[in-house]
$ cat my_file-v6.cif   # mmCIF, C-alpha atoms
data_input
#
loop_
_atom_site.label_atom_id
_atom_site.label_comp_id
_atom_site.auth_asym_id
_atom_site.auth_seq_id
_atom_site.Cartn_x
_atom_site.Cartn_y
_atom_site.Cartn_z
CA MET R 774 78.13 42.45 171.07
CA THR R 775 75.40 40.83 173.12
CA GLU R 776 73.91 39.48 169.86
CA GLY R 777 77.24 37.97 168.80
CA ILE R 778 77.80 40.28 165.81
CA VAL R 779 80.68 42.29 167.30
CA SER R 780 83.45 40.54 169.27
CA VAL R 781 84.76 41.84 172.60
CA THR R 782 88.05 42.87 170.96
CA GLY R 783 85.97 44.46 168.20
CA LEU R 784 84.77 46.98 170.81
CA ILE R 785 88.36 47.89 171.65
CA ALA R 786 89.13 48.28 167.94
CA HIS R 787 86.08 50.53 167.65
CA GLY R 788 87.50 52.69 170.44
CA ARG R 789 90.77 53.07 168.56
CA GLY R 790 88.78 54.32 165.59
CA GLU R 791 86.91 56.82 167.78
CA ALA R 792 90.20 58.34 168.95
CA TYR R 793 91.38 58.97 165.39
CA ASP R 794 87.95 60.32 164.49
CA TYR R 795 88.25 62.93 167.28
CA LEU R 796 91.58 64.00 165.76
CA LEU R 797 89.81 64.52 162.43
CA GLY R 798 87.00 66.52 164.05
CA GLU R 799 84.46 63.71 163.49
CA ARG R 800 83.79 64.79 159.93
CA THR R 801 84.60 63.84 156.35
CA VAL R 802 87.75 65.87 155.72
CA PRO R 803 88.56 66.99 152.14
CA GLU R 804 91.16 64.21 151.79
CA ALA R 805 88.48 61.64 152.66
CA GLU R 806 86.10 63.18 150.11
CA ALA R 807 88.79 62.80 147.42
CA ALA R 808 89.48 59.19 148.44
CA GLU R 809 85.75 58.38 148.40
CA ALA R 810 85.40 59.68 144.84
CA ALA R 811 88.45 57.63 143.80
CA ALA R 812 87.05 54.56 145.57
CA ALA R 813 83.79 54.93 143.65
CA ALA R 814 85.69 55.34 140.38
CA MET R 815 87.64 52.15 141.07
CA LEU R 816 84.45 50.22 141.88
CA VAL R 817 82.76 51.50 138.71
CA LEU R 818 85.73 50.56 136.51
CA ALA R 819 86.30 47.13 138.12
CA LYS R 820 85.53 43.89 136.34
CA ARG R 821 84.65 42.00 139.52
CA PRO R 822 84.31 44.40 142.45
CA MET R 823 83.32 43.06 145.83
CA ILE R 824 82.78 44.16 149.41
CA THR R 825 84.06 42.23 152.41
CA ILE R 826 82.30 42.73 155.74
CA ASN R 827 83.48 41.89 159.27
CA GLY R 828 81.60 42.07 162.57
CA ASN R 829 82.18 45.76 163.24
CA ALA R 830 81.31 46.77 159.66
CA ALA R 831 78.11 44.70 159.88
CA ALA R 832 77.08 46.23 163.20
CA LEU R 833 77.88 49.81 162.18
CA ALA R 834 76.89 49.96 158.53
CA ALA R 835 75.15 46.86 157.14
CA LYS R 836 72.37 48.91 155.51
CA GLU R 837 74.79 51.41 154.01
CA LEU R 838 77.00 48.63 152.65
CA GLY R 839 73.91 46.96 151.16
CA GLU R 840 73.05 50.18 149.32
CA LEU R 841 76.58 50.47 147.99
CA SER R 842 76.41 46.83 146.88
CA CYS R 843 73.20 47.53 144.93
CA ALA R 844 74.52 50.72 143.36
CA SER R 845 77.90 49.26 142.37
CA GLY R 846 76.98 45.66 141.60
CA ALA R 847 79.71 44.51 144.04
CA PRO R 848 78.55 41.46 146.00
CA MET R 849 78.97 41.37 149.77
CA GLU R 850 80.90 38.64 151.57
CA VAL R 851 81.35 38.14 155.31
CA ASN R 852 84.89 37.45 156.55
CA LEU R 853 85.58 37.48 160.28
CA PHE R 854 88.78 37.98 162.25
CA HIS R 855 87.42 35.99 165.22
CA ARG R 856 85.83 33.26 163.14
CA SER R 857 83.53 30.44 164.17
CA ASP R 858 80.88 28.69 162.06
CA GLU R 859 78.23 29.94 164.48
CA ARG R 860 79.37 33.56 164.29
CA MET R 861 79.71 33.39 160.47
CA ALA R 862 76.07 32.23 160.23
CA LYS R 863 74.91 34.95 162.63
CA VAL R 864 76.68 37.81 160.88
CA ILE R 865 75.62 36.65 157.39
CA SER R 866 71.98 36.35 158.52
CA PHE R 867 72.18 39.76 160.20
CA VAL R 868 73.51 41.48 157.06
CA GLU R 869 70.97 39.68 154.86
CA GLY R 870 68.19 40.78 157.24
CA GLU R 871 69.36 44.40 157.27
CA THR R 872 69.87 44.65 153.51
CA GLY R 873 67.49 42.17 151.91
CA GLU R 874 70.44 41.05 149.76
CA LYS R 875 72.12 37.67 149.39
CA VAL R 876 75.48 37.64 151.23
CA LEU R 877 78.42 35.33 150.43
CA GLY R 878 80.48 33.52 153.05
CA ARG R 879 78.61 30.34 153.99
CA ASP R 880 80.79 28.27 151.67
CA GLN R 881 84.39 29.35 152.12
CA GLY R 882 86.24 27.16 149.60
CA GLY R 883 89.03 29.68 148.93
CA ILE R 884 92.24 30.31 150.87
CA LEU R 885 94.16 33.61 151.05
CA PRO R 886 97.85 32.59 150.86
CA GLY R 887 100.18 33.72 153.64
CA ILE R 888 97.57 34.04 156.39
CA ALA R 889 97.74 31.74 159.40
CA SER R 890 94.57 30.20 160.83
CA ASP R 891 90.95 30.28 159.78
CA ARG R 892 91.27 33.94 158.81
CA SER R 893 92.71 32.77 155.47
CA ARG R 894 89.34 31.37 154.43
CA CYS R 895 87.15 33.16 151.90
CA THR R 896 84.82 32.30 149.01
CA LYS R 897 86.10 31.32 145.58
CA GLU R 898 83.38 33.15 143.69
CA GLY R 899 83.63 36.32 145.85
CA LEU R 900 86.91 37.45 147.32
CA MET R 901 89.20 35.07 145.37
CA ALA R 902 87.71 36.05 142.00
CA ALA R 903 87.56 39.81 142.64
CA ASP R 904 89.86 42.40 141.05
CA VAL R 905 88.81 45.29 143.34
CA VAL R 906 87.90 44.71 147.01
CA LEU R 907 86.40 47.23 149.43
CA ILE R 908 87.65 46.34 152.93
CA PRO R 909 86.10 48.45 155.69
CA LEU R 910 87.87 48.03 159.08
CA GLU R 911 90.06 45.17 157.84
CA ASP R 912 93.27 43.96 159.49
CA GLY R 913 96.67 44.50 157.91
CA ASP R 914 97.55 40.85 157.28
CA ARG R 915 94.51 40.22 155.13
CA ALA R 916 94.93 43.52 153.29
CA GLU R 917 98.55 42.63 152.50
CA ALA R 918 97.60 39.12 151.34
CA MET R 919 95.00 40.55 148.94
CA VAL R 920 97.50 43.06 147.52
CA LYS R 921 100.00 40.21 146.94
CA LEU R 922 97.34 38.39 144.90
CA GLY R 923 97.21 41.46 142.62
CA LYS R 924 93.90 42.81 143.88
CA LYS R 925 93.24 46.50 144.16
CA ILE R 926 92.18 47.39 147.67
CA ILE R 927 89.94 50.17 148.94
CA SER R 928 90.30 50.54 152.73
CA ILE R 929 88.02 52.41 155.10
CA ASP R 930 90.03 52.93 158.29
CA LEU R 931 90.36 55.95 160.59
CA ASN R 932 94.02 55.33 161.45
CA PRO R 933 96.01 56.98 158.64
CA LEU R 934 99.11 54.98 159.63
CA SER R 935 97.46 51.55 159.84
CA ARG R 936 99.03 48.81 157.76
CA THR R 937 95.69 48.41 155.98
CA ASN R 938 95.72 52.06 154.90
CA GLN R 939 99.39 51.84 153.97
CA GLU R 940 98.75 48.76 151.80
CA ALA R 941 95.59 50.03 150.10
CA THR R 942 95.37 51.41 146.57
CA VAL R 943 92.77 53.91 147.81
CA SER R 944 92.79 54.65 151.57
CA VAL R 945 89.61 56.24 152.89
CA VAL R 946 90.39 57.81 156.28
CA ASP R 947 86.82 58.36 157.41
CA GLU R 948 84.20 56.87 159.71
CA VAL R 949 82.43 53.98 157.98
CA THR R 950 78.85 55.34 158.27
CA ARG R 951 79.95 58.63 156.72
CA ALA R 952 82.25 57.06 154.12
CA VAL R 953 80.02 54.36 152.65
CA PRO R 954 76.97 56.52 151.75
CA ASN R 955 79.32 59.07 150.20
CA ILE R 956 81.03 56.39 148.08
CA THR R 957 77.53 55.28 147.00
CA LEU R 958 76.70 58.83 145.92
CA TRP R 959 79.89 58.95 143.86
CA VAL R 960 79.16 55.53 142.32
CA LYS R 961 75.78 56.82 141.17
CA LYS R 962 77.44 59.91 139.63
CA LEU R 963 80.21 57.98 137.90
CA LYS R 964 78.65 54.72 136.83
CA GLY R 965 77.21 56.05 133.56
CA ASP R 966 80.43 57.92 132.75
CA PRO R 967 83.56 55.70 132.66
CA ASP R 968 85.62 58.53 131.14
CA GLN R 969 84.95 60.72 134.15
CA ALA R 970 85.67 57.79 136.45
CA ARG R 971 89.04 57.27 134.73
CA SER R 972 89.78 60.97 135.08
CA VAL R 973 88.94 60.96 138.83
CA LEU R 974 91.27 58.00 139.34
CA ALA R 975 94.06 59.48 137.24
CA ASN R 976 94.02 62.66 139.31
CA TYR R 977 94.06 60.87 142.66
CA GLN R 978 97.37 60.26 144.48
CA ASN R 979 96.96 58.02 147.50
CA LYS R 980 100.29 58.59 149.28
CA LYS R 981 100.00 62.34 148.88
CA ASN R 982 96.42 62.23 150.16
CA LEU R 983 97.45 60.23 153.25
CA ALA R 984 100.30 62.67 153.97
CA SER R 985 97.82 65.52 153.78
CA VAL R 986 95.56 63.79 156.35
CA MET R 987 98.52 63.63 158.77
CA ASP R 988 99.26 67.31 158.24
CA ARG R 989 95.64 68.06 159.02
CA ILE R 990 95.71 66.02 162.25
CA CYS R 991 98.89 67.83 163.33
CA HIS R 992 97.37 71.19 162.63
CA GLU R 993 94.27 70.32 164.67
CA LEU R 994 96.41 68.98 167.52
CA LYS R 995 98.52 72.12 167.69
CA GLU R 996 95.60 74.50 167.36
CA GLY R 997 93.77 72.51 170.02
CA HIS R 998 90.54 72.54 168.03
CA VAL R 999 89.79 68.90 168.74
CA MET S 218 84.47 42.55 181.55
CA THR S 219 83.05 39.07 182.03
CA GLU S 220 83.74 39.46 185.78
CA GLY S 221 81.88 42.78 185.93
CA ILE S 222 84.96 44.91 186.69
CA VAL S 223 85.15 46.68 183.32
CA SER S 224 81.97 47.92 181.62
CA VAL S 225 81.26 47.37 177.91
CA THR S 226 81.81 51.07 177.19
CA GLY S 227 84.99 50.81 179.28
CA LEU S 228 86.37 48.54 176.55
CA ILE S 229 85.69 51.19 173.91
CA ALA S 230 87.37 53.82 176.11
CA HIS S 231 90.34 51.47 176.45
CA GLY S 232 90.57 51.29 172.67
CA ARG S 233 90.68 55.10 172.46
CA GLY S 234 93.63 55.02 174.84
CA GLU S 235 95.39 52.39 172.72
CA ALA S 236 95.17 54.65 169.66
CA TYR S 237 96.86 57.54 171.45
CA ASP S 238 99.45 55.15 172.86
CA TYR S 239 100.37 54.07 169.32
CA LEU S 240 100.92 57.73 168.45
CA LEU S 241 103.33 57.99 171.40
CA GLY S 242 105.21 54.86 170.34
CA GLU S 243 103.82 52.84 173.31
CA ARG S 244 106.50 54.18 175.65
CA THR S 245 106.96 56.71 178.45
CA VAL S 246 107.98 59.80 176.50
CA PRO S 247 110.22 62.41 178.22
CA GLU S 248 107.21 64.68 178.85
CA ALA S 249 105.49 61.82 180.69
CA GLU S 250 108.60 61.20 182.75
CA ALA S 251 108.61 64.88 183.80
CA ALA S 252 104.90 64.77 184.65
CA GLU S 253 105.36 61.58 186.68
CA ALA S 254 108.10 63.20 188.77
CA ALA S 255 105.86 66.25 189.32
CA ALA S 256 102.93 63.99 190.23
CA ALA S 257 105.07 62.22 192.83
CA ALA S 258 106.24 65.56 194.23
CA MET S 259 102.63 66.72 194.56
CA LEU S 260 101.62 63.50 196.33
CA VAL S 261 104.59 63.76 198.71
CA LEU S 262 103.81 67.39 199.57
CA ALA S 263 100.04 66.88 199.93
CA LYS S 264 98.28 67.03 203.30
CA ARG S 265 95.59 64.52 202.30
CA PRO S 266 96.46 62.82 199.02
CA MET S 267 94.18 60.14 197.64
CA ILE S 268 93.76 57.87 194.64
CA THR S 269 90.44 57.32 192.93
CA ILE S 270 89.97 54.10 190.94
CA ASN S 271 87.39 53.23 188.28
CA GLY S 272 86.70 49.91 186.55
CA ASN S 273 89.37 50.24 183.86
CA ALA S 274 92.03 51.40 186.34
CA ALA S 275 91.17 48.47 188.62
CA ALA S 276 91.36 45.92 185.80
CA LEU S 277 94.58 47.30 184.35
CA ALA S 278 96.59 48.35 187.38
CA ALA S 279 95.08 47.45 190.78
CA LYS S 280 98.37 46.02 192.08
CA GLU S 281 100.40 48.99 190.84
CA LEU S 282 97.94 51.45 192.38
CA GLY S 283 98.11 49.52 195.66
CA GLU S 284 101.89 49.89 195.68
CA LEU S 285 101.62 53.62 195.02
CA SER S 286 99.06 53.88 197.83
CA CYS S 287 101.48 52.19 200.26
CA ALA S 288 104.45 54.29 199.18
CA SER S 289 102.60 57.61 199.25
CA GLY S 290 100.15 57.08 202.10
CA ALA S 291 97.31 58.07 199.75
CA PRO S 292 94.22 55.92 200.38
CA MET S 293 92.39 54.30 197.45
CA GLU S 294 88.71 54.89 196.75
CA VAL S 295 86.56 53.30 194.05
CA ASN S 296 84.35 55.64 192.01
CA LEU S 297 82.55 54.29 188.94
CA PHE S 298 81.15 56.02 185.88
CA HIS S 299 78.61 53.24 185.30
CA ARG S 300 77.68 52.83 188.95
CA SER S 301 75.54 50.21 190.63
CA ASP S 302 75.76 48.98 194.23
CA GLU S 303 76.59 45.52 192.93
CA ARG S 304 79.41 46.73 190.68
CA MET S 305 80.80 49.00 193.45
CA ALA S 306 81.03 45.98 195.76
CA LYS S 307 82.67 43.86 193.05
CA VAL S 308 85.32 46.41 192.11
CA ILE S 309 86.14 47.26 195.75
CA SER S 310 86.53 43.57 196.61
CA PHE S 311 88.63 43.03 193.50
CA VAL S 312 91.04 45.87 194.35
CA GLU S 313 91.23 44.75 197.99
CA GLY S 314 92.00 41.21 196.84
CA GLU S 315 94.70 42.35 194.42
CA THR S 316 96.38 44.77 196.84
CA GLY S 317 95.67 43.45 200.33
CA GLU S 318 94.74 47.05 201.26
CA LYS S 319 91.51 48.51 202.58
CA VAL S 320 89.67 50.41 199.82
CA LEU S 321 87.15 53.23 200.38
CA GLY S 322 83.86 53.55 198.54
CA ARG S 323 81.33 51.31 200.30
CA ASP S 324 79.88 54.28 202.18
CA GLN S 325 79.50 57.18 199.75
CA GLY S 326 78.16 59.95 201.97
CA GLY S 327 79.73 62.81 199.98
CA ILE S 328 78.45 64.56 196.85
CA LEU S 329 80.59 66.25 194.17
CA PRO S 330 78.67 69.44 193.27
CA GLY S 331 77.74 70.03 189.64
CA ILE S 332 77.62 66.39 188.56
CA ALA S 333 74.34 64.86 187.47
CA SER S 334 73.39 61.37 188.56
CA ASP S 335 75.02 58.81 190.83
CA ARG S 336 78.45 59.75 189.49
CA SER S 337 78.44 62.67 191.97
CA ARG S 338 78.73 60.26 194.89
CA CYS S 339 82.01 59.79 196.76
CA THR S 340 83.23 59.29 200.32
CA LYS S 341 83.45 62.14 202.83
CA GLU S 342 86.66 60.88 204.42
CA GLY S 343 88.34 60.11 201.05
CA LEU S 344 87.67 62.19 197.97
CA MET S 345 85.79 65.05 199.69
CA ALA S 346 88.53 65.60 202.29
CA ALA S 347 91.50 65.29 199.90
CA ASP S 348 93.66 68.19 198.75
CA VAL S 349 95.46 66.22 195.99
CA VAL S 350 93.68 63.52 193.97
CA LEU S 351 95.24 61.09 191.49
CA ILE S 352 92.60 60.29 188.85
CA PRO S 353 93.69 57.62 186.35
CA LEU S 354 91.34 57.34 183.34
CA GLU S 355 88.77 59.74 184.82
CA ASP S 356 86.04 61.55 182.89
CA GLY S 357 86.15 65.30 182.30
CA ASP S 358 83.04 66.21 184.34
CA ARG S 359 84.36 64.72 187.54
CA ALA S 360 87.82 66.19 186.98
CA GLU S 361 86.28 69.64 186.51
CA ALA S 362 84.09 69.27 189.60
CA MET S 363 87.14 68.39 191.72
CA VAL S 364 89.10 71.37 190.40
CA LYS S 365 86.16 73.66 191.26
CA LEU S 366 86.30 72.38 194.84
CA GLY S 367 89.92 73.61 194.98
CA LYS S 368 91.54 70.19 194.75
CA LYS S 369 94.77 69.65 192.86
CA ILE S 370 94.36 66.95 190.26
CA ILE S 371 96.87 64.50 188.82
CA SER S 372 95.45 62.85 185.69
CA ILE S 373 96.73 59.75 183.91
CA ASP S 374 95.17 59.82 180.44
CA LEU S 375 96.66 59.04 177.02
CA ASN S 376 94.65 61.68 175.14
CA PRO S 377 96.63 64.92 175.51
CA LEU S 378 93.56 66.94 174.51
CA SER S 379 91.06 65.27 176.86
CA ARG S 380 89.14 67.57 179.18
CA THR S 381 90.59 65.63 182.13
CA ASN S 382 94.14 66.39 180.98
CA GLN S 383 93.23 69.99 180.23
CA GLU S 384 91.74 70.44 183.73
CA ALA S 385 94.51 68.69 185.64
CA THR S 386 97.27 70.41 187.61
CA VAL S 387 99.65 67.66 186.49
CA SER S 388 98.67 65.75 183.32
CA VAL S 389 100.43 62.43 182.86
CA VAL S 390 100.08 61.39 179.20
CA ASP S 391 101.16 57.79 179.58
CA GLU S 392 99.71 54.30 179.79
CA VAL S 393 98.54 53.55 183.33
CA THR S 394 100.66 50.41 183.90
CA ARG S 395 103.79 52.31 182.87
CA ALA S 396 102.86 55.54 184.64
CA VAL S 397 101.88 54.29 188.09
CA PRO S 398 105.05 52.25 188.90
CA ASN S 399 107.14 55.18 187.71
CA ILE S 400 105.25 57.62 189.96
CA THR S 401 105.83 55.15 192.82
CA LEU S 402 109.58 55.17 192.10
CA TRP S 403 109.58 58.97 192.21
CA VAL S 404 107.56 58.99 195.44
CA LYS S 405 110.20 56.77 197.05
CA LYS S 406 112.96 59.12 195.86
CA LEU S 407 111.22 62.31 197.00
CA LYS S 408 109.37 61.40 200.16
CA GLY S 409 112.33 61.94 202.46
CA ASP S 410 113.29 65.17 200.72
CA PRO S 411 110.50 67.79 200.64
CA ASP S 412 112.91 70.48 199.40
CA GLN S 413 113.71 68.43 196.30
CA ALA S 414 109.99 67.72 195.85
CA ARG S 415 109.26 71.46 195.96
CA SER S 416 112.04 72.07 193.45
CA VAL S 417 110.69 69.40 191.04
CA LEU S 418 107.21 70.98 191.23
CA ALA S 419 108.53 74.54 190.83
CA ASN S 420 110.34 73.58 187.65
CA TYR S 421 107.38 71.77 186.09
CA GLN S 422 105.07 73.62 183.68
CA ASN S 423 102.00 71.57 182.80
CA LYS S 424 100.69 73.52 179.77
CA LYS S 425 104.14 73.65 178.22
CA ASN S 426 104.61 69.93 178.85
CA LEU S 427 101.26 69.11 177.18
CA ALA S 428 102.15 71.28 174.17
CA SER S 429 105.42 69.39 173.87
CA VAL S 430 103.54 66.05 173.83
CA MET S 431 101.46 67.29 170.88
CA ASP S 432 104.60 68.38 169.03
CA ARG S 433 106.02 64.92 169.59
CA ILE S 434 102.88 63.19 168.25
CA CYS S 435 102.97 65.42 165.15
CA HIS S 436 106.60 64.66 164.55
CA GLU S 437 105.94 60.91 164.81
CA LEU S 438 102.92 61.16 162.52
CA LYS S 439 104.86 63.02 159.83
CA GLU S 440 107.93 60.83 160.08
CA GLY S 441 105.68 57.78 159.93
CA HIS S 442 107.55 56.08 162.77
CA VAL S 443 104.40 54.88 164.47
#
$ encode --input "my_file-v6.cif" --output "structure tokens"
Amino acid sequence: MTEGIVSVTGLIAHGRGEAYDYLLGERTVPEAEAAEAAAAAMLVLAKRPMITINGNAAALAAKELGELSCASGAPMEVNLFHRSDERMAKVISFVEGETGEKVLGRDQGGILPGIASDRSRCTKEGLMAADVVLIPLEDGDRAEAMVKLGKKIISIDLNPLSRTNQEATVSVVDEVTRAVPNITLWVKKLKGDPDQARSVLANYQNKKNLASVMDRICHELKEGHV
Amino acid sequence: MTEGIVSVTGLIAHGRGEAYDYLLGERTVPEAEAAEAAAAAMLVLAKRPMITINGNAAALAAKELGELSCASGAPMEVNLFHRSDERMAKVISFVEGETGEKVLGRDQGGILPGIASDRSRCTKEGLMAADVVLIPLEDGDRAEAMVKLGKKIISIDLNPLSRTNQEATVSVVDEVTRAVPNITLWVKKLKGDPDQARSVLANYQNKKNLASVMDRICHELKEGHV
């Protein structure tokens, strides 16, 4: 935050995530493991996969997202909720420094329809052109706008009931620094084997998986294990 | 935060509270209403009630806590998790400015046993002498230390499973700006009627009430109302 990567409200959002993580026992639950495999399968099978990164994702997991970008061939693009030209430049430089990769976002010539304000801006060659988008810690409005454009969305969000998770094609309910390396592992397993990737996706049911996460949280709450 | 009242980690803690509040539907649930009545009864029946205030409680509800202090006769004392002399002075002055009341904490001659670091410090005439302590948004270590000294604790904390709520005699699972004015209302109802206050307390079962909150959260999660 003091370096301008995370916003003040980003810290509060991080706290919300922590609360849900406690309810999950601060671990990758089996439902998250299944979603991470499906996410990897979707990235592997995509024509133009990409990864969008906000301030919190950059601060928490820039290196991990860079590794996933390399493994999957999905470019990274910075898109901020609390956007200013100065903060865009800072976050892009930070992610490039952490990963050694080129990051999109300096030239935001695209517009996501249906979003008020500067948050609608994105790149034409990145987000606008993508068929599959990984959106760690994204807000619901942007997730919904991407879905309306026909994109397949992979969310990483600890709140199983968030609008982002409800909108996503694959909803990963897991902490970002646990989720991303695990998706990378799955990408490496699946990228030479599109048949297996198709099979993983065919066997994955997102709504059922989300319902199972809620059952698990309830069980933990009632048993008092958390 | 920019004024030095709330710490940076206080913002993250606030976010954790927000997440639990979503799960409760951002309202005073019936279990909270029951706990708030019991809290008021305990304050009314106490010999030396007092209210301890940290940075988040000051920022969110200084005025409301001042009104409860007036209604109940419980003095206010500032005790900080991230303590410095400068921040103590700032938060005390802030609460005094918001409430027009004298606030304890400038002279911390008491020590809570079993707590490492400066967080053990409190006032002799306030916290150390109290028999009933209202602790909004307090950490588990301090709550436990107070219970070990034989004090009765009223917590206000949105996480039903927090150590503070588990340690408390009366656990109010509600948002502080909703909870405190409601406790004040109950204090006004009960303070002229100690028999009714004793009856409210006798009929209140804290563990059962907490279990009922968890059932409610589960129900909301599964119904997807939140």
$ closest_atom_pairs --input "my_file-v6.cif" --of "segment 348-383 of chain S" --to "segment 399-413 of chain S" --cutoff "12 Å" --atoms "all atoms listed in the file" --output "JSON lines"
{"residue": "S:Leu351", "atom": "CA", "partner": "S:Ile400", "partner_atom": "CA", "distance": 10.7}
{"residue": "S:Ile371", "atom": "CA", "partner": "S:Ile400", "partner_atom": "CA", "distance": 10.9}
{"residue": "S:Ser372", "atom": "CA", "partner": "S:Ile400", "partner_atom": "CA", "distance": 11.9}
{"residue": "S:Ile373", "atom": "CA", "partner": "S:Ile400", "partner_atom": "CA", "distance": 10.7}
$ interface_residues --input "my_file-v6.cif" --of "chain S" --to "chain R" --cutoff "7 Å" --atoms "only C-alpha atoms" --output "list in words"
Leu228, Ile229, Ala230, His231, Gly232, Arg233, Glu235, Ala236, Met431, Cys435, Leu438 and Lys439 of chain S
$ resolve_selection --input "my_file-v6.cif" --expression "the PyMOL selection byres ((chain R and resi 819-822) around 6)" --output "PyMOL selection string"
chain R and resi 815-818+823+847+903-906
$ write_last_selection --input "my_file-v6.cif" --atoms "C-alpha atoms" --output "tab-separated table (two decimals), keeping the file's coordinate frame"
chain	number	residue	atom	x	y	z
R	815	MET	CA	87.64	52.15	141.07
R	816	LEU	CA	84.45	50.22	141.88
R	817	VAL	CA	82.76	51.50	138.71
R	818	LEU	CA	85.73	50.56	136.51
R	823	MET	CA	83.32	43.06	145.83
R	847	ALA	CA	79.71	44.51	144.04
R	903	ALA	CA	87.56	39.81	142.64
R	904	ASP	CA	89.86	42.40	141.05
R	905	VAL	CA	88.81	45.29	143.34
R	906	VAL	CA	87.90	44.71	147.01
$ atom_distance --input "my_file-v6.cif" --atom1 "atom CA of Ala419 of chain S" --atom2 "atom CA of Val387 of chain S"
12.0 Å
$ resolve_selection --input "my_file-v6.cif" --expression "the PyMOL selection byres ((chain S and resi 299) around 10)" --output "ChimeraX atom specification"
/S:223-227,271-272,296-298,300-301,304-305,335-336
$ write_last_selection --input "my_file-v6.cif" --atoms "C-alpha atoms" --output "CSV table (one decimal), in the coordinates of the input"
chain,number,residue,atom,x,y,z
S,223,VAL,CA,85.2,46.7,183.3
S,224,SER,CA,82.0,47.9,181.6
S,225,VAL,CA,81.3,47.4,177.9
S,226,THR,CA,81.8,51.1,177.2
S,227,GLY,CA,85.0,50.8,179.3
S,271,ASN,CA,87.4,53.2,188.3
S,272,GLY,CA,86.7,49.9,186.6
S,296,ASN,CA,84.4,55.6,192.0
S,297,LEU,CA,82.6,54.3,188.9
S,298,PHE,CA,81.2,56.0,185.9
S,300,ARG,CA,77.7,52.8,189.0
S,301,SER,CA,75.5,50.2,190.6
S,304,ARG,CA,79.4,46.7,190.7
S,305,MET,CA,80.8,49.0,193.4
S,335,ASP,CA,75.0,58.8,190.8
S,336,ARG,CA,78.4,59.8,189.5
$ atom_distance --input "my_file-v6.cif" --atom1 "atom CA of Lys921 of chain R" --atom2 "atom CA of Gly887 of chain R"
9.3 Å
$ residues_around --input "my_file-v6.cif" --residues "Val397 of chain S" --least-positions-apart "3" --cutoff "7 Å" --atoms "only C-alpha atoms" --output "list in words"
Glu281, Leu282, Leu285, Val393, Thr394, Ile400 and Thr401 of chain S
$ closest_residue --input "my_file-v6.cif" --among "S:Ala251, S:Leu344, S:Ile332, S:Val246" --to "Met293 of chain S" --atoms "all atoms listed in the file"
S:Leu344
$ atom_distance --input "my_file-v6.cif" --atom1 "atom CA of Cys895 of chain R" --atom2 "atom CA of Gly878 of chain R"
6.8 Å
$ resolve_selection --input "my_file-v6.cif" --expression "the PyMOL selection byres ((chain S and resi 330) around 9)" --output "VMD selection string"
chain S and resid 328 to 329 331 to 333 337 362 to 363 365 to 366
$ residues_around --input "my_file-v6.cif" --residues "Leu974 of chain R" --least-positions-apart "6" --cutoff "9 Å" --atoms "all atoms listed in the file" --output "ChimeraX atom specification"
/R:810-812,814-815
